[in-house]
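As provided, entry17.csv (CSV, C-alpha atoms and all ligand atoms) reads as follows.
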chain,number,residue,atom,x,y,z
C,1,MET,CA,-56.7,71.4,193.1
C,2,ILE,CA,-58.5,71.1,196.4
C,3,ARG,CA,-61.6,69.1,196.7
C,4,ASN,CA,-64.1,70.0,199.5
C,5,THR,CA,-65.1,66.4,199.8
C,6,TYR,CA,-64.9,63.8,202.4
C,7,ALA,CA,-64.8,60.1,201.6
C,8,GLY,CA,-65.7,61.0,198.0
C,9,LYS,CA,-68.8,62.9,198.9
C,10,SER,CA,-69.5,66.5,199.4
C,11,GLU,CA,-69.6,67.4,203.1
C,12,LEU,CA,-73.0,68.8,203.9
C,13,HIS,CA,-72.5,69.0,207.7
C,14,ARG,CA,-69.3,70.1,209.3
C,15,ARG,CA,-68.3,67.3,211.5
C,16,LEU,CA,-65.2,66.6,213.5
C,17,ASP,CA,-63.0,63.8,212.5
C,18,THR,CA,-59.6,63.6,214.1
C,19,GLU,CA,-58.7,60.9,211.6
C,20,ARG,CA,-59.4,63.1,208.7
C,21,SER,CA,-56.7,63.3,206.1
C,22,TYR,CA,-55.4,66.7,205.3
C,23,ASN,CA,-57.5,67.2,202.2
C,24,ILE,CA,-59.5,70.2,203.3
C,25,PRO,CA,-58.0,73.7,203.1
C,26,ALA,CA,-56.3,75.5,206.0
C,27,ILE,CA,-57.5,79.1,205.8
C,28,VAL,CA,-55.3,81.8,207.5
C,29,TYR,CA,-57.4,84.6,209.0
C,30,LEU,CA,-55.4,87.7,210.1
C,31,ASP,CA,-56.9,90.0,212.6
C,32,ALA,CA,-56.7,93.7,211.7
C,33,ASP,CA,-54.2,94.2,214.4
C,34,VAL,CA,-51.6,91.7,213.0
C,35,THR,CA,-48.5,93.7,212.1
C,36,PRO,CA,-46.7,93.6,208.7
C,37,GLU,CA,-43.7,92.0,210.5
C,38,GLN,CA,-45.9,89.3,211.9
C,39,LYS,CA,-47.6,88.7,208.5
C,40,THR,CA,-44.2,88.3,206.9
C,41,LEU,CA,-43.1,85.9,209.6
C,42,LEU,CA,-46.1,83.8,208.8
C,43,GLU,CA,-45.8,84.0,205.0
C,44,GLN,CA,-42.1,82.9,205.2
C,45,ASN,CA,-42.4,80.2,207.8
C,46,LEU,CA,-45.8,78.5,207.4
C,47,PRO,CA,-44.5,76.7,204.3
C,48,LEU,CA,-41.7,75.2,206.4
C,49,ILE,CA,-44.0,74.2,209.2
C,50,TYR,CA,-46.3,72.5,206.7
C,51,GLN,CA,-43.3,70.8,205.0
C,52,GLU,CA,-42.4,69.3,208.4
C,53,LEU,CA,-46.0,68.2,208.9
C,54,GLY,CA,-46.0,66.4,205.6
C,55,ILE,CA,-48.9,68.4,204.2
C,56,PRO,CA,-48.7,70.1,200.8
C,57,TYR,CA,-48.7,73.8,201.2
C,58,GLU,CA,-51.3,74.2,198.4
C,59,PHE,CA,-53.8,73.4,201.1
C,60,VAL,CA,-53.0,76.7,202.9
C,61,GLN,CA,-54.7,79.9,201.8
C,62,PHE,CA,-54.6,83.4,203.3
C,63,SER,CA,-58.1,84.7,203.5
C,64,ASP,CA,-58.9,88.2,202.1
C,65,SER,CA,-61.3,88.8,205.0
C,66,SER,CA,-59.9,90.0,208.3
C,67,ALA,CA,-60.5,87.9,211.4
C,68,ALA,CA,-61.6,91.0,213.3
C,69,GLN,CA,-65.3,90.6,212.6
C,70,MET,CA,-65.2,86.9,213.4
C,71,ILE,CA,-63.5,87.6,216.7
C,72,SER,CA,-65.5,90.6,217.8
C,73,SER,CA,-68.9,89.1,216.9
C,74,SER,CA,-68.5,85.6,218.2
C,75,LEU,CA,-66.3,85.8,221.3
C,76,PRO,CA,-67.3,86.8,224.9
C,77,THR,CA,-65.1,89.4,226.5
C,78,ARG,CA,-64.1,90.3,230.0
C,79,ASP,CA,-62.2,93.1,231.8
C,80,ASN,CA,-59.0,91.8,233.3
C,81,GLY,CA,-57.6,94.5,235.5
C,82,GLY,CA,-58.2,97.2,232.9
C,83,HIS,CA,-57.6,95.4,229.7
C,84,LEU,CA,-60.0,93.6,227.5
C,85,GLN,CA,-59.7,89.9,227.0
C,86,TYR,CA,-61.5,87.6,224.6
C,87,GLY,CA,-62.7,84.1,225.7
C,88,VAL,CA,-62.1,81.4,223.2
C,89,HIS,CA,-63.5,78.4,225.2
C,90,SER,CA,-66.4,78.0,222.9
C,91,MET,CA,-65.8,76.7,219.5
C,92,THR,CA,-68.4,79.0,218.0
C,93,LEU,CA,-65.6,81.0,216.3
C,94,PHE,CA,-65.0,78.0,214.0
C,95,MET,CA,-68.4,76.2,214.1
C,96,ASN,CA,-70.6,79.2,213.3
C,97,GLY,CA,-70.2,80.3,209.8
C,98,GLU,CA,-72.1,78.8,206.9
C,99,ASP,CA,-68.7,78.6,205.2
C,100,GLN,CA,-67.8,75.6,207.4
C,101,THR,CA,-70.5,73.5,205.8
C,102,THR,CA,-70.3,74.8,202.3
C,103,LYS,CA,-66.5,74.8,202.4
C,104,PRO,CA,-65.1,72.8,205.3
C,105,HIS,CA,-61.7,74.0,206.4
C,106,HIS,CA,-59.3,74.3,209.2
C,107,ALA,CA,-59.3,77.9,210.5
C,108,LEU,CA,-55.9,79.3,211.5
C,109,VAL,CA,-56.7,82.6,213.2
C,110,PHE,CA,-54.0,85.1,214.3
C,111,THR,CA,-54.6,88.1,216.5
C,112,ASN,CA,-52.9,90.5,218.9
C,113,LYS,CA,-55.9,90.5,221.2
C,114,ASP,CA,-55.3,88.9,224.6
C,115,ILE,CA,-57.3,85.7,224.9
C,116,PHE,CA,-58.3,83.3,227.7
C,117,MET,CA,-60.0,80.0,228.2
C,118,ASP,CA,-62.1,78.6,231.0
C,119,ARG,CA,-60.3,79.3,234.3
C,120,THR,CA,-57.0,80.6,232.9
C,121,ASN,CA,-55.8,84.1,233.4
C,122,PHE,CA,-54.7,84.1,229.7
C,123,ILE,CA,-53.6,81.7,227.0
C,124,ILE,CA,-51.3,82.3,224.0
C,125,GLY,CA,-53.2,79.9,221.8
C,126,GLY,CA,-56.1,77.5,221.8
C,127,ALA,CA,-56.6,74.7,219.3
C,128,TRP,CA,-59.3,72.2,218.4
C,129,SER,CA,-58.4,69.0,216.6
C,130,ASP,CA,-59.8,69.0,213.1
C,131,MET,CA,-61.3,72.4,213.5
C,132,GLY,CA,-58.8,75.2,213.9
C,133,THR,CA,-56.8,77.3,216.2
C,134,ILE,CA,-56.7,80.9,217.5
C,135,ILE,CA,-53.3,82.2,218.3
C,136,SER,CA,-52.6,85.4,220.2
C,137,LEU,CA,-49.3,86.8,219.1
C,138,THR,CA,-49.2,89.7,221.6
C,139,ARG,CA,-47.5,88.3,224.6
C,140,LEU,CA,-44.6,86.5,222.8
C,141,SER,CA,-44.2,89.6,220.7
C,142,GLN,CA,-42.9,91.4,223.8
C,143,ILE,CA,-39.6,89.4,223.6
C,144,LYS,CA,-37.0,92.0,222.7
C,145,ASP,CA,-34.5,90.1,220.6
C,146,LYS,CA,-35.9,89.7,217.1
C,147,VAL,CA,-34.4,86.3,216.4
C,148,GLU,CA,-35.6,84.9,219.8
C,149,ARG,CA,-39.0,86.6,219.4
C,150,ASP,CA,-39.5,85.1,215.9
C,151,GLN,CA,-38.3,81.7,216.8
C,152,THR,CA,-40.4,81.5,220.0
C,153,LEU,CA,-43.5,82.7,218.1
C,154,LEU,CA,-42.9,80.0,215.5
C,155,THR,CA,-42.6,77.3,218.3
C,156,GLU,CA,-46.0,78.4,219.5
C,157,ILE,CA,-47.5,78.6,216.0
C,158,ALA,CA,-46.2,75.1,215.1
C,159,HIS,CA,-47.5,73.8,218.4
C,160,GLU,CA,-51.1,74.9,217.9
C,161,ILE,CA,-51.2,73.9,214.2
C,162,GLY,CA,-49.9,70.5,215.3
C,163,HIS,CA,-52.9,70.2,217.6
C,164,VAL,CA,-55.2,71.0,214.6
C,165,TYR,CA,-53.9,67.9,212.9
C,166,ASP,CA,-54.4,66.0,216.2
C,167,LEU,CA,-50.8,65.9,217.4
C,168,PRO,CA,-49.6,64.2,219.4
C,169,SER,CA,-51.7,61.1,218.9
C,170,GLY,CA,-51.6,57.8,220.8
C,171,ARG,CA,-50.2,56.0,217.8
C,172,ARG,CA,-46.7,56.1,219.4
C,173,GLY,CA,-48.1,54.5,222.6
C,174,GLN,CA,-49.8,56.3,225.4
C,175,ASP,CA,-46.7,56.1,227.7
C,176,LYS,CA,-44.9,58.3,225.3
C,177,LEU,CA,-47.4,61.2,225.8
C,178,ASP,CA,-47.5,63.8,228.5
C,179,HIS,CA,-51.0,63.7,230.0
C,180,HIS,CA,-50.7,66.8,232.3
C,181,PHE,CA,-52.7,69.9,231.7
C,182,GLY,CA,-55.8,68.1,230.5
C,183,GLY,CA,-54.6,67.4,227.0
C,184,GLY,CA,-52.1,65.2,225.2
C,185,HIS,CA,-48.7,66.7,224.8
C,186,CYS,CA,-45.3,65.4,223.6
C,187,ASN,CA,-42.7,64.3,226.0
C,188,ASN,CA,-39.7,64.4,223.7
C,189,PRO,CA,-37.0,67.1,224.3
C,190,GLY,CA,-36.9,69.9,221.8
C,191,CYS,CA,-40.3,69.1,220.2
C,192,CYS,CA,-42.7,72.0,219.8
C,193,MET,CA,-45.6,69.8,221.0
C,194,LYS,CA,-44.3,69.9,224.5
C,195,GLN,CA,-46.4,72.0,226.9
C,196,GLY,CA,-45.3,75.2,228.5
C,197,THR,CA,-47.2,77.1,231.3
C,198,ASP,CA,-44.8,79.8,232.4
C,199,ILE,CA,-45.1,82.4,229.6
C,200,PRO,CA,-42.9,83.5,228.0
C,201,LYS,CA,-40.1,81.6,229.9
C,202,ASP,CA,-41.2,78.1,229.1
C,203,PHE,CA,-41.6,78.8,225.4
C,204,ILE,CA,-38.2,80.6,225.2
C,205,ASP,CA,-36.5,77.6,226.9
C,206,LEU,CA,-38.4,75.2,224.7
C,207,THR,CA,-37.4,77.1,221.6
C,208,ARG,CA,-33.7,77.2,222.5
C,209,ASP,CA,-33.9,73.4,223.1
C,210,ARG,CA,-35.7,72.9,219.8
C,211,ILE,CA,-33.1,74.8,217.8
C,212,LYS,CA,-30.2,73.0,219.7
C,213,ARG,CA,-31.7,69.5,219.2
C,214,LEU,CA,-33.6,69.8,215.9
C,215,GLY,CA,-32.1,72.9,214.2
C,216,HIS,CA,-33.7,76.0,212.7
C,217,ASP,CA,-36.8,75.4,210.6
C,218,HIS,CA,-37.5,72.1,212.4
C,219,TYR,CA,-40.3,71.8,214.9
C,220,TYR,CA,-41.5,68.3,215.4
C,221,CYS,CA,-39.8,65.2,216.9
C,222,ALA,CA,-39.7,61.9,215.0
C,223,ASP,CA,-42.6,60.5,217.1
C,224,CYS,CA,-44.8,63.5,216.1
C,225,LYS,CA,-43.9,63.3,212.5
C,226,GLY,CA,-44.4,59.5,212.6
C,227,ASP,CA,-47.9,59.9,214.1
C,228,LEU,CA,-48.9,62.1,211.2
C,229,LYS,CA,-47.2,60.0,208.5
C,230,ALA,CA,-49.0,56.9,209.8
C,231,LYS,CA,-52.4,58.8,209.9
C,232,PHE,CA,-52.0,60.2,206.4
C,233,THR,CA,-50.9,56.9,205.0
C,234,GLN,CA,-54.0,55.2,206.5
C,235,THR,CA,-56.3,58.0,205.4
C,236,ALA,CA,-54.9,58.5,201.9
C,237,GLY,CA,-57.5,59.0,199.3
C,238,SER,CA,-60.3,59.7,201.7
C,301,ZN,ZN,-50.8,72.3,223.5
C,302,ZN,ZN,-43.1,65.5,219.5

For this file, produce the structure as C-alpha cells.
Ligand SMILES: [Zn+2]
Ligand SMILES: [Zn+2]
Amino acid sequence: MIRNTYAGKSELHRRLDTERSYNIPAIVYLDADVTPEQKTLLEQNLPLIYQELGIPYEFVQFSDSSAAQMISSSLPTRDNGGHLQYGVHSMTLFMNGEDQTTKPHHALVFTNKDIFMDRTNFIIGGAWSDMGTIISLTRLSQIKDKVERDQTLLTEIAHEIGHVYDLPSGRRGQDKLDHHFGGGHCNNPGCCMKQGTDIPKDFIDLTRDRIKRLGHDHYYCADCKGDLKAKFTQTAGS
C-alpha cells in the first residue's frame, strides 16, 4: 500500500525534497506516439531498473491517461528546420496539475516527440530531482540493431530515472563526481549515470561499456547504488 504522505502528514503542497525517501508513486505516462515495442521494453525492464535502484516496484504505476495532452498543453514549441520540437526547460509539465498536490508523485513521461532545453539543439531526456523526467525515445530508436537499440534506450532511461532520485549525489565525495555540463554526473566507467553529448554515439559506447563491465540488466555503479542506499537508510520511515 502506498501512502501519499510525507513525514507522517498529508502533503498539501508539492515541494521538492531531494532527500525524500522513495515513498511516493512513480507514475509512467506514455505519449500516444509510444509504440507497442517501446511499451513492452518499458514493462519488461523498468522492474529491473527499480530493483537496481533498491526501490520496490510497487511504487511504479502505468497511468491510464496518455501524456499527449500534458505535453501539448504545457510545453512551448519551436520549428527546427522543418520539424517541430517541444521545449522542456520549464518544469510546468510536472508542477502544474492539481494531482501533484493531491497525489504527489514522480512523473516518468515517455514520448517520441523531439525535445529541447535552453540553448540545446535537442536533448534525449530531461530530469528534475524529486519531480520527474521526460524522455524522448525517438532519436535512440533510430539505432538499427534491435539489441543495441533496446540496450541503449535502457541506458538512457536508467540515467534519467537515476536523476529523479537525485543520482549521483555528493555522498561519495565531490571529487568522485563529474561536474561538467552543468549538472552532477558519475565518473565511473560503465555506469549509466555518466554523461554523453554526442548522440547516439556516446550512449552506444557507454552502453557497450556498461554491459561489458556490469553485465546485462545492470545499470548503476557501486557508488551510485551506495548513494541511494545511504539516502534511503537515512530517510527510512519518513
Ligand atoms: Zn544526466
Ligand atoms: Zn555511477

- Which of C:Asp64, C:Ile55, C:Lys113, C:Asp223 sits closest to Asn188 (chain C) [using all atoms listed in the file]: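 Checking each candidate against Asn188 (chain C), we get C:Asp223 as the closest.
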
- Task: Throw together the list of residues within 12 Å of ligand ZN 301 (chain C), counting only C-alpha atoms and all ligand atoms, and drop it here as a VMD selection string.
- Result: chain C and resid 123 to 129 133 135 155 to 168 177 to 187 191 to 197 203

- Find, counting all atoms listed in the file, the residue in C:Tyr219, C:Phe232, C:Phe116, C:Tyr29 that gets nearest to ligand ZN 302 (chain C).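 Counting all atoms listed in the file, the residue closest to ligand ZN 302 (chain C) is C:Tyr219.
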
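You can rank C:Ile204, C:Leu53, C:Leu41, C:Ile24 by their closest distance to ligand ZN 302 (chain C) using all atoms listed in the file, and at the top of that list sits C:Leu53.
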
- Message: Counting only C-alpha atoms, which residue out of C:Asp130, C:Asp198, C:Asp33, C:Asp217 sits closest to Tyr50 (chain C)?
- Response: C:Asp217

- In Å, with one decimal, what is the gap from CA of Leu140 (chain C) to CA of Leu30 (chain C)? 16.7 Å

Quick one: residues within 12 Å of Arg149 (chain C), only C-alpha atoms, excluding same-chain residues fewer than 2 positions away - as a PDB file with C-alpha atoms, in the frame of the given file?
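As written to disk, part.pdb reads:
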ATOM      1  CA  GLU C  37     -43.700  92.000 210.500  1.00  0.00           C
ATOM      2  CA  GLN C  38     -45.900  89.300 211.900  1.00  0.00           C
ATOM      3  CA  LEU C  41     -43.100  85.900 209.600  1.00  0.00           C
ATOM      4  CA  LEU C 137     -49.300  86.800 219.100  1.00  0.00           C
ATOM      5  CA  THR C 138     -49.200  89.700 221.600  1.00  0.00           C
ATOM      6  CA  ARG C 139     -47.500  88.300 224.600  1.00  0.00           C
ATOM      7  CA  LEU C 140     -44.600  86.500 222.800  1.00  0.00           C
ATOM      8  CA  SER C 141     -44.200  89.600 220.700  1.00  0.00           C
ATOM      9  CA  GLN C 142     -42.900  91.400 223.800  1.00  0.00           C
ATOM     10  CA  ILE C 143     -39.600  89.400 223.600  1.00  0.00           C
ATOM     11  CA  LYS C 144     -37.000  92.000 222.700  1.00  0.00           C
ATOM     12  CA  ASP C 145     -34.500  90.100 220.600  1.00  0.00           C
ATOM     13  CA  LYS C 146     -35.900  89.700 217.100  1.00  0.00           C
ATOM     14  CA  VAL C 147     -34.400  86.300 216.400  1.00  0.00           C
ATOM     15  CA  GLN C 151     -38.300  81.700 216.800  1.00  0.00           C
ATOM     16  CA  THR C 152     -40.400  81.500 220.000  1.00  0.00           C
ATOM     17  CA  LEU C 153     -43.500  82.700 218.100  1.00  0.00           C
ATOM     18  CA  LEU C 154     -42.900  80.000 215.500  1.00  0.00           C
ATOM     19  CA  THR C 155     -42.600  77.300 218.300  1.00  0.00           C
ATOM     20  CA  GLU C 156     -46.000  78.400 219.500  1.00  0.00           C
ATOM     21  CA  PRO C 200     -42.900  83.500 228.000  1.00  0.00           C
ATOM     22  CA  LYS C 201     -40.100  81.600 229.900  1.00  0.00           C
ATOM     23  CA  PHE C 203     -41.600  78.800 225.400  1.00  0.00           C
ATOM     24  CA  ILE C 204     -38.200  80.600 225.200  1.00  0.00           C
ATOM     25  CA  ASP C 205     -36.500  77.600 226.900  1.00  0.00           C
ATOM     26  CA  THR C 207     -37.400  77.100 221.600  1.00  0.00           C
ATOM     27  CA  ARG C 208     -33.700  77.200 222.500  1.00  0.00           C
TER      28      ARG C 208
END

- Message: Taking 3 positions as the minimum chain separation for residues in the same chain, which residues sit within 9 Å of Thr77 (chain C) when counting only C-alpha atoms? Answer as a PyMOL selection string.
- Response: chain C and resi 72+84-87+115

- Task: Find, counting all atoms listed in the file, the residue in C:Gln100, C:Leu214, C:Thr92, C:Met70 that gets nearest to Asp31 (chain C).
- Result: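 Closest residue, counting all atoms listed in the file: C:Met70.
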
- Item | Atomic distance CA of Tyr220 (chain C) - atom ZN of ligand ZN 302 (chain C), expressed in Å with one decimal | 5.2 Å

- Task: Between CA of Ile49 (chain C) and CA of Ser90 (chain C), measure the distance and give it in Å to one decimal.
- Result: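 These atoms are spaced 26.5 Å apart.
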
Test item: axis-aligned box, all listed atoms of region 153-165 of chain C, 8 Å on each side, centre and edges in Å rounded to one decimal, as lines of an AutoDock Vina configuration file:
center_x = -48.9
center_y = 75.3
center_z = 216.2
size_x = 28.6
size_y = 30.8
size_z = 22.6

- Tell me which of C:Ile211, C:Leu75, C:Ala230, C:Cys221 sits closest to ligand ZN 302 (chain C), counting all atoms listed in the file.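 Counting all atoms listed in the file, the residue closest to ligand ZN 302 (chain C) is C:Cys221.
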